[in-house]
$ cat run-v3.txt   # compact mmCIF, N, CA and C atoms
# COMPACT_ATOMS: atom_id res chain seq x y z
N MET A 1 -0.40 -7.68 -18.65
CA MET A 1 -0.33 -6.69 -17.61
C MET A 1 -0.30 -5.31 -18.26
N GLU A 2 -1.11 -4.44 -17.74
CA GLU A 2 -1.21 -3.08 -18.28
C GLU A 2 0.00 -2.24 -17.87
N TYR A 3 0.53 -1.47 -18.83
CA TYR A 3 1.65 -0.57 -18.52
C TYR A 3 1.12 0.65 -17.77
N ARG A 4 1.79 1.00 -16.71
CA ARG A 4 1.41 2.16 -15.90
C ARG A 4 2.60 3.09 -15.81
N ALA A 5 2.48 4.27 -16.40
CA ALA A 5 3.57 5.25 -16.37
C ALA A 5 3.73 5.80 -14.96
N ILE A 6 4.92 5.75 -14.45
CA ILE A 6 5.20 6.18 -13.08
C ILE A 6 4.87 7.65 -12.87
N GLU A 7 4.97 8.44 -13.92
CA GLU A 7 4.70 9.88 -13.83
C GLU A 7 3.28 10.17 -13.37
N ASN A 8 2.36 9.26 -13.66
CA ASN A 8 0.96 9.44 -13.26
C ASN A 8 0.75 9.25 -11.76
N TYR A 9 1.70 8.66 -11.09
CA TYR A 9 1.54 8.31 -9.69
C TYR A 9 2.49 9.07 -8.77
N ILE A 10 3.68 9.35 -9.25
CA ILE A 10 4.75 9.87 -8.40
C ILE A 10 4.41 11.23 -7.80
N LYS A 11 3.61 12.04 -8.52
CA LYS A 11 3.23 13.35 -8.00
C LYS A 11 2.46 13.22 -6.70
N ARG A 12 1.65 12.20 -6.60
CA ARG A 12 0.83 11.99 -5.40
C ARG A 12 1.64 11.54 -4.20
N ALA A 13 2.88 11.09 -4.45
CA ALA A 13 3.75 10.61 -3.37
C ALA A 13 4.88 11.61 -3.12
N LYS A 14 4.61 12.85 -3.39
CA LYS A 14 5.58 13.93 -3.15
C LYS A 14 6.90 13.69 -3.87
N GLY A 15 6.81 13.09 -5.07
CA GLY A 15 7.98 12.90 -5.91
C GLY A 15 8.91 11.76 -5.53
N SER A 16 8.49 10.89 -4.63
CA SER A 16 9.36 9.81 -4.16
C SER A 16 8.80 8.45 -4.55
N ILE A 17 9.58 7.68 -5.28
CA ILE A 17 9.17 6.32 -5.66
C ILE A 17 9.04 5.43 -4.42
N TYR A 18 9.85 5.69 -3.41
CA TYR A 18 9.80 4.90 -2.18
C TYR A 18 8.52 5.18 -1.41
N LYS A 19 8.12 6.44 -1.36
CA LYS A 19 6.87 6.78 -0.69
C LYS A 19 5.68 6.22 -1.46
N LEU A 20 5.78 6.25 -2.78
CA LEU A 20 4.71 5.69 -3.62
C LEU A 20 4.55 4.20 -3.34
N SER A 21 5.65 3.48 -3.31
CA SER A 21 5.56 2.03 -3.08
C SER A 21 5.02 1.75 -1.68
N ARG A 22 5.39 2.57 -0.73
CA ARG A 22 4.88 2.39 0.65
C ARG A 22 3.38 2.66 0.70
N MET A 23 2.95 3.75 0.05
CA MET A 23 1.52 4.06 0.01
C MET A 23 0.73 2.92 -0.61
N ALA A 24 1.21 2.42 -1.74
CA ALA A 24 0.50 1.35 -2.45
C ALA A 24 0.45 0.07 -1.62
N ALA A 25 1.55 -0.25 -0.97
CA ALA A 25 1.60 -1.46 -0.15
C ALA A 25 0.67 -1.37 1.04
N ILE A 26 0.68 -0.24 1.71
CA ILE A 26 -0.19 -0.06 2.88
C ILE A 26 -1.65 -0.16 2.47
N ARG A 27 -1.98 0.51 1.37
CA ARG A 27 -3.37 0.49 0.91
C ARG A 27 -3.78 -0.91 0.46
N ALA A 28 -2.89 -1.63 -0.21
CA ALA A 28 -3.20 -3.01 -0.63
C ALA A 28 -3.46 -3.89 0.59
N LEU A 29 -2.71 -3.69 1.67
CA LEU A 29 -2.96 -4.44 2.90
C LEU A 29 -4.33 -4.10 3.48
N GLU A 30 -4.69 -2.83 3.45
CA GLU A 30 -6.02 -2.43 3.94
C GLU A 30 -7.11 -3.09 3.11
N LEU A 31 -6.94 -3.12 1.80
CA LEU A 31 -7.92 -3.77 0.94
C LEU A 31 -8.00 -5.26 1.22
N ALA A 32 -6.86 -5.88 1.48
CA ALA A 32 -6.83 -7.31 1.78
C ALA A 32 -7.57 -7.61 3.09
N GLU A 33 -7.59 -6.64 3.99
CA GLU A 33 -8.28 -6.81 5.26
C GLU A 33 -9.77 -6.51 5.17
N GLY A 34 -10.23 -6.13 3.97
CA GLY A 34 -11.66 -5.94 3.78
C GLY A 34 -12.12 -4.51 3.63
N ARG A 35 -11.22 -3.56 3.59
CA ARG A 35 -11.63 -2.17 3.39
C ARG A 35 -12.24 -2.02 2.00
N LYS A 36 -13.16 -1.09 1.87
CA LYS A 36 -13.89 -0.87 0.62
C LYS A 36 -13.00 -0.16 -0.41
N GLN A 37 -13.11 -0.59 -1.67
CA GLN A 37 -12.40 0.07 -2.76
C GLN A 37 -12.98 1.46 -2.96
N LEU A 38 -12.12 2.43 -3.27
CA LEU A 38 -12.54 3.80 -3.49
C LEU A 38 -12.66 4.15 -4.97
N VAL A 39 -12.35 3.19 -5.83
CA VAL A 39 -12.46 3.38 -7.27
C VAL A 39 -13.29 2.25 -7.86
N ASP A 40 -13.84 2.50 -9.03
CA ASP A 40 -14.67 1.50 -9.70
C ASP A 40 -13.78 0.60 -10.54
N MET A 41 -13.45 -0.55 -9.98
CA MET A 41 -12.65 -1.56 -10.68
C MET A 41 -13.26 -2.91 -10.37
N PRO A 42 -13.08 -3.88 -11.25
CA PRO A 42 -13.61 -5.22 -10.97
C PRO A 42 -13.01 -5.79 -9.68
N LEU A 43 -13.81 -6.54 -8.96
CA LEU A 43 -13.32 -7.16 -7.73
C LEU A 43 -12.20 -8.15 -7.97
N SER A 44 -12.09 -8.61 -9.21
CA SER A 44 -11.04 -9.56 -9.56
C SER A 44 -9.69 -8.87 -9.77
N SER A 45 -9.66 -7.54 -9.76
CA SER A 45 -8.41 -6.80 -9.95
C SER A 45 -7.45 -7.07 -8.80
N LYS A 46 -6.18 -7.07 -9.11
CA LYS A 46 -5.17 -7.24 -8.07
C LYS A 46 -5.21 -6.05 -7.13
N LEU A 47 -4.98 -6.30 -5.86
CA LEU A 47 -5.07 -5.25 -4.86
C LEU A 47 -4.06 -4.14 -5.08
N THR A 48 -2.88 -4.48 -5.57
CA THR A 48 -1.89 -3.43 -5.84
C THR A 48 -2.35 -2.55 -7.00
N SER A 49 -3.02 -3.12 -7.98
CA SER A 49 -3.55 -2.32 -9.08
C SER A 49 -4.64 -1.37 -8.59
N VAL A 50 -5.48 -1.87 -7.71
CA VAL A 50 -6.54 -1.03 -7.13
C VAL A 50 -5.92 0.11 -6.32
N SER A 51 -4.95 -0.21 -5.50
CA SER A 51 -4.34 0.82 -4.66
C SER A 51 -3.63 1.87 -5.51
N LEU A 52 -2.96 1.46 -6.57
CA LEU A 52 -2.30 2.42 -7.45
C LEU A 52 -3.33 3.31 -8.17
N GLU A 53 -4.44 2.74 -8.57
CA GLU A 53 -5.48 3.55 -9.21
C GLU A 53 -6.07 4.55 -8.22
N GLU A 54 -6.25 4.14 -6.97
CA GLU A 54 -6.74 5.06 -5.95
C GLU A 54 -5.76 6.21 -5.74
N ILE A 55 -4.48 5.90 -5.75
CA ILE A 55 -3.45 6.93 -5.61
C ILE A 55 -3.51 7.88 -6.80
N LYS A 56 -3.58 7.32 -8.00
CA LYS A 56 -3.62 8.13 -9.23
C LYS A 56 -4.79 9.09 -9.23
N GLN A 57 -5.94 8.62 -8.78
CA GLN A 57 -7.15 9.45 -8.77
C GLN A 57 -7.22 10.39 -7.58
N GLY A 58 -6.24 10.30 -6.68
CA GLY A 58 -6.22 11.19 -5.52
C GLY A 58 -7.21 10.80 -4.43
N LYS A 59 -7.63 9.55 -4.45
CA LYS A 59 -8.60 9.08 -3.46
C LYS A 59 -7.96 8.82 -2.10
N ILE A 60 -6.66 8.58 -2.09
CA ILE A 60 -5.95 8.42 -0.82
C ILE A 60 -4.77 9.38 -0.81
N GLU A 61 -4.46 9.85 0.36
CA GLU A 61 -3.37 10.81 0.52
C GLU A 61 -2.30 10.21 1.41
N MET A 62 -1.10 10.71 1.25
CA MET A 62 0.01 10.25 2.07
C MET A 62 -0.06 10.91 3.43
N LYS A 63 0.17 10.12 4.47
CA LYS A 63 0.25 10.66 5.82
C LYS A 63 1.60 11.33 5.97
N GLY A 64 1.88 11.80 7.16
CA GLY A 64 3.18 12.40 7.44
C GLY A 64 4.30 11.47 6.99
N ALA A 65 5.40 12.04 6.55
CA ALA A 65 6.49 11.26 5.97
C ALA A 65 7.03 10.20 6.91
N ASN A 66 7.03 10.47 8.20
CA ASN A 66 7.64 9.54 9.14
C ASN A 66 6.62 8.79 9.99
N SER A 67 5.34 8.96 9.71
CA SER A 67 4.33 8.30 10.53
C SER A 67 4.20 6.83 10.16
N VAL A 68 3.88 6.04 11.15
CA VAL A 68 3.66 4.61 10.94
C VAL A 68 2.28 4.31 11.50
N SER A 69 1.42 3.75 10.68
CA SER A 69 0.06 3.46 11.11
C SER A 69 0.03 2.26 12.05
N ALA A 70 -1.08 2.11 12.74
CA ALA A 70 -1.25 0.97 13.64
C ALA A 70 -1.15 -0.34 12.86
N GLN A 71 -1.66 -0.33 11.65
CA GLN A 71 -1.61 -1.52 10.81
C GLN A 71 -0.17 -1.88 10.47
N GLU A 72 0.64 -0.87 10.15
CA GLU A 72 2.04 -1.12 9.86
C GLU A 72 2.77 -1.67 11.07
N LYS A 73 2.50 -1.07 12.24
CA LYS A 73 3.14 -1.53 13.47
C LYS A 73 2.80 -3.00 13.72
N LYS A 74 1.53 -3.36 13.52
CA LYS A 74 1.09 -4.74 13.71
C LYS A 74 1.83 -5.66 12.75
N ALA A 75 1.92 -5.27 11.50
CA ALA A 75 2.61 -6.10 10.50
C ALA A 75 4.08 -6.26 10.85
N ILE A 76 4.71 -5.19 11.31
CA ILE A 76 6.11 -5.26 11.70
C ILE A 76 6.29 -6.20 12.88
N GLN A 77 5.41 -6.08 13.87
CA GLN A 77 5.49 -6.94 15.04
C GLN A 77 5.26 -8.41 14.67
N GLU A 78 4.31 -8.67 13.80
CA GLU A 78 4.04 -10.05 13.37
C GLU A 78 5.23 -10.63 12.62
N THR A 79 5.84 -9.83 11.76
CA THR A 79 7.01 -10.28 11.02
C THR A 79 8.17 -10.58 11.96
N ALA A 80 8.37 -9.70 12.94
CA ALA A 80 9.45 -9.91 13.91
C ALA A 80 9.20 -11.17 14.72
N ALA A 81 7.95 -11.41 15.12
CA ALA A 81 7.62 -12.60 15.89
C ALA A 81 7.85 -13.87 15.07
N GLU A 82 7.49 -13.83 13.78
CA GLU A 82 7.71 -14.98 12.91
C GLU A 82 9.20 -15.26 12.72
N GLU A 83 9.96 -14.19 12.54
CA GLU A 83 11.41 -14.35 12.37
C GLU A 83 12.05 -14.91 13.64
N GLU A 84 11.58 -14.44 14.79
CA GLU A 84 12.12 -14.93 16.06
C GLU A 84 11.78 -16.42 16.22
N LYS A 85 10.55 -16.79 15.85
CA LYS A 85 10.13 -18.18 15.93
C LYS A 85 10.99 -19.06 15.02
N ASP A 86 11.24 -18.56 13.78
CA ASP A 86 12.05 -19.31 12.84
C ASP A 86 13.49 -19.47 13.33
N ASN A 87 14.00 -18.44 13.98
CA ASN A 87 15.36 -18.50 14.50
C ASN A 87 15.52 -19.48 15.65
N LYS A 88 14.45 -19.70 16.42
CA LYS A 88 14.50 -20.63 17.53
C LYS A 88 14.47 -22.09 17.06
N GLU A 89 13.88 -22.29 15.90
CA GLU A 89 13.74 -23.67 15.38
C GLU A 89 15.00 -24.19 14.81
$ encode --input "run-v3.txt" --output "structure tokens"
Amino acid sequence: MEYRAIENYIKRAKGSIYKLSRMAAIRALELAEGRKQLVDMPLSSKLTSVSLEEIKQGKIEMKGANSVSAQEKKAIQETAAEEEKDNKE
């Protein structure tokens, strides 16, 4: 696994490791759903690696600090539904 210095990425997330991880996770989900890569990396690369490289190169920007995308809302709702289903069993 390649070492990635956090300093190369944290600037793009307004200095917050939490915002950086959220950005990378959201983008990795988008890639998993079939969105096109914005950087030249092998298709065999892990989606989190691709998303971090996109962040590093400034290809994606952070939305408002408190905004939640439709994709995030859907993921939250699906997780809640799964947890509710598990609790009923």
$ residues_around --input "run-v3.txt" --residues "segment 47-56 of chain A" --least-positions-apart "3" --cutoff "7 Å" --atoms "all atoms listed in the file" --output "short mmCIF file (atom, residue, chain, number, x, y, z; two decimals) with N, CA and C atoms, in the frame of the given file"
data_model
loop_
_atom_site.label_atom_id
_atom_site.label_comp_id
_atom_site.auth_asym_id
_atom_site.auth_seq_id
_atom_site.Cartn_x
_atom_site.Cartn_y
_atom_site.Cartn_z
N ASN A 8 2.36 9.26 -13.66
CA ASN A 8 0.96 9.44 -13.26
C ASN A 8 0.75 9.25 -11.76
N TYR A 9 1.70 8.66 -11.09
CA TYR A 9 1.54 8.31 -9.69
C TYR A 9 2.49 9.07 -8.77
N ARG A 12 1.65 12.20 -6.60
CA ARG A 12 0.83 11.99 -5.40
C ARG A 12 1.64 11.54 -4.20
N MET A 23 2.95 3.75 0.05
CA MET A 23 1.52 4.06 0.01
C MET A 23 0.73 2.92 -0.61
N ALA A 24 1.21 2.42 -1.74
CA ALA A 24 0.50 1.35 -2.45
C ALA A 24 0.45 0.07 -1.62
N ALA A 25 1.55 -0.25 -0.97
CA ALA A 25 1.60 -1.46 -0.15
C ALA A 25 0.67 -1.37 1.04
N ARG A 27 -1.98 0.51 1.37
CA ARG A 27 -3.37 0.49 0.91
C ARG A 27 -3.78 -0.91 0.46
N ALA A 28 -2.89 -1.63 -0.21
CA ALA A 28 -3.20 -3.01 -0.63
C ALA A 28 -3.46 -3.89 0.59
N LEU A 29 -2.71 -3.69 1.67
CA LEU A 29 -2.96 -4.44 2.90
C LEU A 29 -4.33 -4.10 3.48
N LEU A 31 -6.94 -3.12 1.80
CA LEU A 31 -7.92 -3.77 0.94
C LEU A 31 -8.00 -5.26 1.22
N ALA A 32 -6.86 -5.88 1.48
CA ALA A 32 -6.83 -7.31 1.78
C ALA A 32 -7.57 -7.61 3.09
N LEU A 38 -12.12 2.43 -3.27
CA LEU A 38 -12.54 3.80 -3.49
C LEU A 38 -12.66 4.15 -4.97
N VAL A 39 -12.35 3.19 -5.83
CA VAL A 39 -12.46 3.38 -7.27
C VAL A 39 -13.29 2.25 -7.86
N SER A 44 -12.09 -8.61 -9.21
CA SER A 44 -11.04 -9.56 -9.56
C SER A 44 -9.69 -8.87 -9.77
N LYS A 59 -7.63 9.55 -4.45
CA LYS A 59 -8.60 9.08 -3.46
C LYS A 59 -7.96 8.82 -2.10
N ILE A 60 -6.66 8.58 -2.09
CA ILE A 60 -5.95 8.42 -0.82
C ILE A 60 -4.77 9.38 -0.81
N GLU A 61 -4.46 9.85 0.36
CA GLU A 61 -3.37 10.81 0.52
C GLU A 61 -2.30 10.21 1.41
#
$ select_by_dssp --input "run-v3.txt" --residues "chain A" --states "helix (DSSP H, G or I)" --output "PyMOL selection string"
chain A and resi 7-13+17-32+47-56+70-88
$ atom_distance --input "run-v3.txt" --atom1 "atom C of Met62 of chain A" --atom2 "atom C of Ala75 of chain A"
19.2 Å
$ atom_distance --input "run-v3.txt" --atom1 "atom CA of Lys46 of chain A" --atom2 "atom CA of Glu83 of chain A"
27.3 Å
$ atom_distance --input "run-v3.txt" --atom1 "atom N of Ile10 of chain A" --atom2 "atom N of Lys63 of chain A"
14.2 Å
$ closest_residue --input "run-v3.txt" --among "A:Ala13, A:Ile26, A:Met41, A:Ile6" --to "Gly58 of chain A" --atoms "only C-alpha atoms"
A:Ala13
